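Asks: What follows is a structure written as structure tokens; I'll ask about it next.
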Amino acid sequence: MSFPKDLLGIADLTGPQFLNLLKTAQILKKELGKKGKNQPLLHNKTLVMIFEKPSLRTRVSFETGMTQLGGHAIYLAPADIQLGVRETIADVAGTLEKMTDGIMARVFKHETLLELSKNTKKVPIINGLSDLEHPCQILADMLTILEEKGRLKGISLAFVGDGENNVTHSLALASGILGIDFRVASPKGFKMLPQVSEQAKILAKKSKGQITELENPKEAVENADVIYTDTWISMGDEKTRKKRLKIFKPYQVTQALMKLAKKGAIFMHDMPVYRGNEVESAVIDGPKSVIFDQAGNRLHAQKAVLAILMK
Ligand code: NVA
């Protein structure tokens, strides 16, 4: 199966490519479970990782993933290259293309990724989070839902909180691609960007999924299979912290809210979690929470991305 050069947004993948990637992740995960069965699929290959923002899961999973695949990862901290300040994005891209086999970047502006992509011919560009999307997170999320529920098509996934958010955007688009019933409850002024919502709805028409935008969290979680939330203050939103804490207060995922979902519903969060803000501690630590399996799946889903795009 052929794949695009880059993974900038989740809708870079077609349905079959998405499912193929998840299948690859499952195979790699299973093989890792059998001791000594690491696949050196990227022997002698190097991934360079550019970070404009902090990271725990993304950095560790990409770096560990490259080691397990027989390759190597280089970490560039925010101060190291200062994309677009110390030198142009085009010059950074041109240089890295001559030395490495893949570029992963966590950036403030999604346009930075587009610029990296435009200025590289062969080396894949992987979005490790931008203001617009977080596709690698969502691949791990779908792997987790598949493991928990045994299917993706027809699953009802309720997101409660900030709609104008990278994770929400990628979840909506993935739901459109995979035929998921996606409901997002967010306050006025914090809805998904119109272009993302439209694209997700167009994709959903084809896959028989559904994209529903609501304001009332109760309506969104009613009978849902999965309840998902993310921080109210994403990296870069710190200036509006006070205002956000107030506006989002009614959107906290509580034990009472969880009760409205299906009996076997699971709770998901991309982390870092701010206990007592977007979710009650009791939910995070409760039996429905799968957040550590979800975090662990970043490793397996990304190994599939790396193995496929960098081979
Ligand atoms: N929406 C969050 C995701 C963190 C992994 C942020 O952008 O900070």
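Labels for the structure tokens follow display order: chains A, B, ..., residues from 1 in each chain, ligands from 1.
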Kindly assemble as JSON lines a list of the region 210-233 of chain A residues that lie within 10 Å of region 171-180 of chain A, each paired with its nearest atom pair and their distance in Å to one decimal, using only C-alpha atoms, sorted first by chain and then by ascending residue number.

Replies:
```
{"residue": "A:Gln210", "atom": "CA", "partner": "A:Ile180", "partner_atom": "CA", "distance": 6.4}
{"residue": "A:Ile211", "atom": "CA", "partner": "A:Ala172", "partner_atom": "CA", "distance": 7.0}
{"residue": "A:Thr212", "atom": "CA", "partner": "A:Ala172", "partner_atom": "CA", "distance": 9.5}
{"residue": "A:Tyr228", "atom": "CA", "partner": "A:Leu171", "partner_atom": "CA", "distance": 9.8}
```

Asks: Please produce an output containing C-alpha atoms for each residue in the selection, written as a PDB file, in the first residue's frame.

Replies:
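Below is the file out15.pdb, written as the result:
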```pdb
ATOM      1  CA  GLN A 210     -21.414  11.628  12.301  1.00  0.00           C
ATOM      2  CA  ILE A 211     -20.024  14.936  13.541  1.00  0.00           C
ATOM      3  CA  THR A 212     -22.241  16.741  16.047  1.00  0.00           C
ATOM      4  CA  TYR A 228     -12.481  12.221  26.053  1.00  0.00           C
TER       5      TYR A 228
END
```

Asks: Counting only C-alpha atoms and all ligand atoms, which residues of chain A sit at most 10 Å from some atom of ligand 1, and what is each one's closest atom pair with its distance in Å to one decimal, listed by chain and rising residue number, as a tab-separated table?

Replies:
```
residue	atom	partner	partner_atom_place_in_ligand_line	distance
A:Lys53	CA	ligand 1	8 (O)	8.8
A:Pro54	CA	ligand 1	8 (O)	9.0
A:Ser55	CA	ligand 1	5 (C)	7.6
A:Leu56	CA	ligand 1	5 (C)	8.8
A:Arg57	CA	ligand 1	5 (C)	8.1
A:Thr58	CA	ligand 1	5 (C)	8.2
A:Arg106	CA	ligand 1	7 (O)	9.8
A:Val107	CA	ligand 1	7 (O)	9.8
A:Phe108	CA	ligand 1	7 (O)	8.9
A:Gly128	CA	ligand 1	5 (C)	9.2
A:Leu129	CA	ligand 1	7 (O)	6.9
A:Ser130	CA	ligand 1	7 (O)	7.1
A:Asp131	CA	ligand 1	7 (O)	6.5
A:Leu132	CA	ligand 1	7 (O)	8.7
A:Glu133	CA	ligand 1	7 (O)	8.5
A:His134	CA	ligand 1	3 (C)	7.5
A:Gln137	CA	ligand 1	5 (C)	7.8
A:Asp162	CA	ligand 1	1 (N)	8.5
A:Gly163	CA	ligand 1	1 (N)	9.9
A:Glu164	CA	ligand 1	1 (N)	9.1
A:Asn165	CA	ligand 1	1 (N)	5.6
A:Asn166	CA	ligand 1	1 (N)	5.5
A:Val167	CA	ligand 1	1 (N)	5.6
A:Thr168	CA	ligand 1	1 (N)	8.1
A:His169	CA	ligand 1	1 (N)	9.9
A:Thr229	CA	ligand 1	1 (N)	9.6
A:Asp230	CA	ligand 1	1 (N)	6.1
A:Thr231	CA	ligand 1	2 (C)	6.1
A:Trp232	CA	ligand 1	1 (N)	7.8
A:Ile233	CA	ligand 1	8 (O)	6.7
A:Ser234	CA	ligand 1	8 (O)	3.4
A:Met235	CA	ligand 1	8 (O)	3.9
A:Gly236	CA	ligand 1	8 (O)	7.2
A:Asp237	CA	ligand 1	8 (O)	8.1
A:Glu238	CA	ligand 1	8 (O)	9.8
A:His269	CA	ligand 1	5 (C)	9.2
A:Asp270	CA	ligand 1	5 (C)	5.9
A:Met271	CA	ligand 1	5 (C)	5.8
A:Pro272	CA	ligand 1	4 (C)	6.4
A:Val273	CA	ligand 1	4 (C)	9.0
```

Asks: With a distance cut-off of 12 Å and only C-alpha atoms, select the neighbouring residues of region 94-97 of chain A, excluding the residue or stretch itself and same-chain residues fewer than 3 positions from it, and output the selection as a short mmCIF file (atom, residue, chain, number, x, y, z; two decimals) with N, CA and C atoms, in the first residue's frame.

Replies:
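Once everything was written out, this is selection23.cif:
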```cif
data_model
loop_
_atom_site.label_atom_id
_atom_site.label_comp_id
_atom_site.auth_asym_id
_atom_site.auth_seq_id
_atom_site.Cartn_x
_atom_site.Cartn_y
_atom_site.Cartn_z
N THR A 46 18.16 7.76 10.78
CA THR A 46 18.11 8.79 11.82
C THR A 46 16.89 9.68 11.66
N LEU A 47 16.22 9.86 12.77
CA LEU A 47 15.09 10.80 12.84
C LEU A 47 15.57 12.02 13.62
N VAL A 48 15.28 13.21 13.08
CA VAL A 48 15.60 14.41 13.85
C VAL A 48 14.29 14.97 14.39
N MET A 49 14.32 15.36 15.66
CA MET A 49 13.09 15.81 16.32
C MET A 49 13.26 17.27 16.74
N ILE A 50 12.43 18.12 16.14
CA ILE A 50 12.49 19.56 16.44
C ILE A 50 11.37 19.91 17.41
N ILE A 74 17.58 12.19 17.11
CA ILE A 74 18.29 13.37 17.62
C ILE A 74 17.26 14.36 18.14
N LEU A 76 16.28 18.06 19.23
CA LEU A 76 16.65 19.48 19.16
C LEU A 76 15.69 20.27 20.03
N ILE A 81 17.71 25.44 17.57
CA ILE A 81 17.78 25.94 16.18
C ILE A 81 16.95 27.19 15.95
N GLU A 87 17.80 30.84 11.50
CA GLU A 87 17.85 30.68 10.04
C GLU A 87 16.46 30.30 9.52
N THR A 88 16.28 30.44 8.22
CA THR A 88 14.93 30.24 7.69
C THR A 88 14.53 28.77 7.78
N ILE A 89 13.22 28.54 7.75
CA ILE A 89 12.71 27.17 7.80
C ILE A 89 13.22 26.40 6.58
N ALA A 90 13.27 27.08 5.45
CA ALA A 90 13.74 26.43 4.21
C ALA A 90 15.19 25.98 4.35
N ASP A 91 16.01 26.80 4.97
CA ASP A 91 17.43 26.44 5.13
C ASP A 91 17.59 25.28 6.11
N THR A 100 19.59 13.47 7.35
CA THR A 100 18.74 12.55 8.13
C THR A 100 17.70 11.87 7.23
N ASP A 101 16.93 10.99 7.83
CA ASP A 101 15.94 10.21 7.06
C ASP A 101 14.50 10.56 7.40
N GLY A 102 14.33 11.42 8.40
CA GLY A 102 12.96 11.82 8.79
C GLY A 102 13.02 13.02 9.72
N ILE A 103 11.99 13.86 9.64
CA ILE A 103 11.92 15.03 10.52
C ILE A 103 10.59 15.01 11.25
N MET A 104 10.65 15.01 12.57
CA MET A 104 9.44 15.16 13.37
C MET A 104 9.51 16.54 13.99
N GLU A 115 5.79 24.53 5.56
CA GLU A 115 7.03 25.07 5.02
C GLU A 115 8.14 24.01 5.01
N LEU A 116 8.20 23.22 6.06
CA LEU A 116 9.19 22.12 6.11
C LEU A 116 8.90 21.13 4.98
N SER A 117 7.60 20.86 4.81
CA SER A 117 7.19 19.91 3.78
C SER A 117 7.54 20.42 2.38
N LYS A 118 7.26 21.69 2.16
CA LYS A 118 7.51 22.30 0.85
C LYS A 118 8.99 22.28 0.48
N ASN A 119 9.83 22.32 1.50
CA ASN A 119 11.26 22.42 1.26
C ASN A 119 12.03 21.12 1.43
N THR A 120 11.30 20.00 1.40
CA THR A 120 11.96 18.69 1.43
C THR A 120 11.36 17.85 0.30
N LYS A 121 12.20 17.07 -0.34
CA LYS A 121 11.69 16.27 -1.47
C LYS A 121 11.34 14.85 -1.05
N LYS A 122 12.23 14.24 -0.26
CA LYS A 122 12.05 12.82 0.05
C LYS A 122 11.82 12.55 1.52
N VAL A 123 12.45 13.34 2.36
CA VAL A 123 12.41 13.06 3.81
C VAL A 123 11.02 13.36 4.36
N PRO A 124 10.42 12.39 5.06
CA PRO A 124 9.07 12.64 5.59
C PRO A 124 9.05 13.68 6.72
N ILE A 125 8.00 14.47 6.76
CA ILE A 125 7.77 15.42 7.85
C ILE A 125 6.60 14.87 8.68
#
```

Asks: Could you pull the residues within 12 Å of Gln302 (chain A), counting only C-alpha atoms, minus those fewer than 3 positions along the same chain, as a PyMOL selection string?

Replies: chain A and resi 7+21-22+24-26+28-29+57-66+68-69+104+126-128+135-141+143+295-299+305-310

Asks: Taking the DSSP assignment computed from this structure's backbone, write out as number ranges by chain all residues of region 199-276 of chain A that belong to strand (DSSP E).

Replies: A: 210-214, 226-229, 266-269

Asks: Generate the output file for the selected residues, all heavy atoms, as an mmCIF file, in the first residue's frame.

Replies:
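Result written to again-v1.cif:
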```cif
data_model
loop_
_atom_site.group_PDB
_atom_site.id
_atom_site.type_symbol
_atom_site.label_atom_id
_atom_site.label_comp_id
_atom_site.auth_asym_id
_atom_site.auth_seq_id
_atom_site.Cartn_x
_atom_site.Cartn_y
_atom_site.Cartn_z
ATOM 1 N N GLN A 210 -20.607 10.460 11.988
ATOM 2 C CA GLN A 210 -21.414 11.628 12.301
ATOM 3 C C GLN A 210 -20.579 12.625 13.098
ATOM 4 O O GLN A 210 -19.824 12.214 13.984
ATOM 5 C CB GLN A 210 -22.611 11.204 13.136
ATOM 6 C CG GLN A 210 -23.912 11.714 12.544
ATOM 7 C CD GLN A 210 -25.087 11.145 13.291
ATOM 8 O OE1 GLN A 210 -25.141 9.941 13.546
ATOM 9 N NE2 GLN A 210 -26.019 12.010 13.674
ATOM 10 N N ILE A 211 -20.739 13.905 12.791
ATOM 11 C CA ILE A 211 -20.024 14.936 13.541
ATOM 12 C C ILE A 211 -21.084 15.876 14.109
ATOM 13 O O ILE A 211 -21.806 16.529 13.349
ATOM 14 C CB ILE A 211 -19.053 15.733 12.623
ATOM 15 C CG1 ILE A 211 -18.141 14.798 11.812
ATOM 16 C CG2 ILE A 211 -18.264 16.778 13.421
ATOM 17 C CD1 ILE A 211 -17.137 13.990 12.612
ATOM 18 N N THR A 212 -21.209 15.914 15.430
ATOM 19 C CA THR A 212 -22.241 16.741 16.047
ATOM 20 C C THR A 212 -21.598 17.727 17.017
ATOM 21 O O THR A 212 -20.865 17.321 17.918
ATOM 22 C CB THR A 212 -23.247 15.852 16.826
ATOM 23 O OG1 THR A 212 -23.596 14.743 15.993
ATOM 24 C CG2 THR A 212 -24.499 16.631 17.200
ATOM 25 N N GLU A 213 -21.899 19.010 16.825
ATOM 26 C CA GLU A 213 -21.328 20.042 17.694
ATOM 27 C C GLU A 213 -22.401 20.554 18.648
ATOM 28 O O GLU A 213 -23.459 21.019 18.204
ATOM 29 C CB GLU A 213 -20.748 21.164 16.852
ATOM 30 C CG GLU A 213 -19.540 20.695 16.077
ATOM 31 C CD GLU A 213 -19.015 21.716 15.090
ATOM 32 O OE1 GLU A 213 -18.202 22.548 15.489
ATOM 33 O OE2 GLU A 213 -19.464 21.682 13.929
ATOM 34 N N LEU A 214 -22.118 20.447 19.938
ATOM 35 C CA LEU A 214 -23.099 20.794 20.965
ATOM 36 C C LEU A 214 -22.498 21.760 21.968
ATOM 37 O O LEU A 214 -21.286 22.009 21.969
ATOM 38 C CB LEU A 214 -23.511 19.512 21.704
ATOM 39 C CG LEU A 214 -24.077 18.379 20.860
ATOM 40 C CD1 LEU A 214 -23.846 17.042 21.524
ATOM 41 C CD2 LEU A 214 -25.567 18.600 20.606
ATOM 42 N N VAL A 226 -17.041 6.275 24.531
ATOM 43 C CA VAL A 226 -15.767 6.866 24.956
ATOM 44 C C VAL A 226 -15.989 8.319 25.354
ATOM 45 O O VAL A 226 -16.629 9.078 24.617
ATOM 46 C CB VAL A 226 -14.734 6.831 23.791
ATOM 47 C CG1 VAL A 226 -13.391 7.396 24.255
ATOM 48 C CG2 VAL A 226 -14.573 5.434 23.221
ATOM 49 N N ILE A 227 -15.472 8.709 26.513
ATOM 50 C CA ILE A 227 -15.503 10.112 26.942
ATOM 51 C C ILE A 227 -14.063 10.595 26.919
ATOM 52 O O ILE A 227 -13.175 9.951 27.496
ATOM 53 C CB ILE A 227 -16.046 10.277 28.394
ATOM 54 C CG1 ILE A 227 -17.302 9.458 28.616
ATOM 55 C CG2 ILE A 227 -16.237 11.749 28.739
ATOM 56 C CD1 ILE A 227 -18.431 9.787 27.707
ATOM 57 N N TYR A 228 -13.839 11.721 26.273
ATOM 58 C CA TYR A 228 -12.481 12.221 26.053
ATOM 59 C C TYR A 228 -12.427 13.681 26.438
ATOM 60 O O TYR A 228 -13.335 14.441 26.127
ATOM 61 C CB TYR A 228 -12.151 12.050 24.559
ATOM 62 C CG TYR A 228 -10.683 12.090 24.172
ATOM 63 C CD1 TYR A 228 -10.111 11.056 23.444
ATOM 64 C CD2 TYR A 228 -9.868 13.173 24.499
ATOM 65 C CE1 TYR A 228 -8.772 11.073 23.060
ATOM 66 C CE2 TYR A 228 -8.535 13.197 24.124
ATOM 67 C CZ TYR A 228 -7.991 12.162 23.409
ATOM 68 O OH TYR A 228 -6.663 12.189 23.037
ATOM 69 N N THR A 229 -11.369 14.076 27.148
ATOM 70 C CA THR A 229 -11.165 15.504 27.348
ATOM 71 C C THR A 229 -9.679 15.838 27.259
ATOM 72 O O THR A 229 -8.828 14.940 27.235
ATOM 73 C CB THR A 229 -11.760 16.005 28.687
ATOM 74 O OG1 THR A 229 -11.733 17.443 28.688
ATOM 75 C CG2 THR A 229 -10.997 15.502 29.894
ATOM 76 N N ILE A 266 -15.353 4.107 28.421
ATOM 77 C CA ILE A 266 -13.987 4.354 28.908
ATOM 78 C C ILE A 266 -13.715 5.854 28.920
ATOM 79 O O ILE A 266 -14.324 6.619 28.170
ATOM 80 C CB ILE A 266 -12.922 3.616 28.056
ATOM 81 C CG1 ILE A 266 -13.074 3.942 26.556
ATOM 82 C CG2 ILE A 266 -12.988 2.113 28.293
ATOM 83 C CD1 ILE A 266 -11.927 3.427 25.698
ATOM 84 N N PHE A 267 -12.756 6.251 29.763
ATOM 85 C CA PHE A 267 -12.344 7.651 29.826
ATOM 86 C C PHE A 267 -10.948 7.797 29.214
ATOM 87 O O PHE A 267 -10.028 7.050 29.555
ATOM 88 C CB PHE A 267 -12.321 8.156 31.279
ATOM 89 C CG PHE A 267 -11.701 9.518 31.389
ATOM 90 C CD1 PHE A 267 -12.399 10.647 30.973
ATOM 91 C CD2 PHE A 267 -10.397 9.678 31.863
ATOM 92 C CE1 PHE A 267 -11.806 11.910 31.034
ATOM 93 C CE2 PHE A 267 -9.801 10.936 31.920
ATOM 94 C CZ PHE A 267 -10.513 12.049 31.512
ATOM 95 N N MET A 268 -10.800 8.781 28.319
ATOM 96 C CA MET A 268 -9.504 8.999 27.667
ATOM 97 C C MET A 268 -9.045 10.452 27.804
ATOM 98 O O MET A 268 -9.862 11.377 27.898
ATOM 99 C CB MET A 268 -9.591 8.610 26.181
ATOM 100 C CG MET A 268 -9.903 7.147 25.966
ATOM 101 S SD MET A 268 -10.016 6.679 24.225
ATOM 102 C CE MET A 268 -8.296 6.662 23.738
ATOM 103 N N HIS A 269 -7.748 10.633 27.795
ATOM 104 C CA HIS A 269 -7.139 11.971 27.893
ATOM 105 C C HIS A 269 -5.751 11.854 27.278
ATOM 106 O O HIS A 269 -5.035 10.886 27.547
ATOM 107 C CB HIS A 269 -7.056 12.367 29.367
ATOM 108 C CG HIS A 269 -6.731 13.811 29.606
ATOM 109 N ND1 HIS A 269 -5.608 14.419 29.096
ATOM 110 C CD2 HIS A 269 -7.388 14.769 30.310
ATOM 111 C CE1 HIS A 269 -5.594 15.692 29.474
ATOM 112 N NE2 HIS A 269 -6.667 15.935 30.206
#
```

Asks: Tell me, in Å to one decimal, how far CA of His72 (chain A) is from CA of Glu147 (chain A).

Replies: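 Spanning CA of His72 (chain A) to CA of Glu147 (chain A) is a straight-line distance of 28.9 Å.
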
Asks: Could you pull the residues within 10 Å of Ala256 (chain A), counting only C-alpha atoms, minus those fewer than 4 positions along the same chain, as a PyMOL selection string?

Replies: chain A and resi 218+260-261+283

Asks: Suppose we keep N, CA, C and O atoms; can you now write the selection as a compact mmCIF listing (two decimals), in the first residue's frame?

Replies:
```txt
# COMPACT_ATOMS: atom_id res chain seq x y z
N LYS A 218 -23.73 17.12 28.86
CA LYS A 218 -24.59 15.95 29.17
C LYS A 218 -25.13 15.33 27.89
O LYS A 218 -25.18 14.11 27.74
N LEU A 260 -23.59 9.11 32.78
CA LEU A 260 -24.55 9.25 31.67
C LEU A 260 -24.10 8.46 30.43
O LEU A 260 -24.88 8.22 29.53
N ALA A 261 -22.83 8.09 30.41
CA ALA A 261 -22.32 7.34 29.26
C ALA A 261 -22.75 5.88 29.38
O ALA A 261 -23.38 5.48 30.35
N VAL A 283 -12.09 10.32 38.48
CA VAL A 283 -12.31 9.73 37.14
C VAL A 283 -10.98 9.24 36.58
O VAL A 283 -10.88 8.13 36.06
```

Asks: One decimal, Å: what's the distance from CA of Leu83 (chain A) over to CA of Gly71 (chain A), could you say?

Replies: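 Going from CA of Leu83 (chain A) over to CA of Gly71 (chain A), I get 24.7 Å.
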
Asks: If you run DSSP on this backbone, which residues of region 142-296 of chain A come out as helix (DSSP H, G or I), and could you give them as a VMD selection string?

Replies: chain A and resid 142 to 149 166 to 178 194 to 207 217 to 221 238 to 251 255 to 258 281 to 284 291 to 296

Asks: Which polymer residues have any atom within 12 Å of an atom of Glu222 (chain A), counting only C-alpha atoms, with same-chain residues fewer than 4 positions away left out, as a list of chain:residue names?

Replies: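 The residues satisfying every condition are A:Ser156, A:Leu157, A:Ala158, A:Phe159, A:Val160, A:Arg183, A:Val184, A:Ala185, A:Asn216, A:Pro217, A:Lys218, A:Val226, A:Ile227, A:Ala256, A:Leu257, A:Met258, A:Lys259, A:Leu260, A:Ala261, A:Lys262, A:Lys263, A:Ala265.
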
Asks: Work out how far apart CA of Gly70 (chain A) and CA of Leu146 (chain A) are and give it in Å to one decimal.

Replies: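 We find that CA of Gly70 (chain A) and CA of Leu146 (chain A) lie 27.3 Å from each other.
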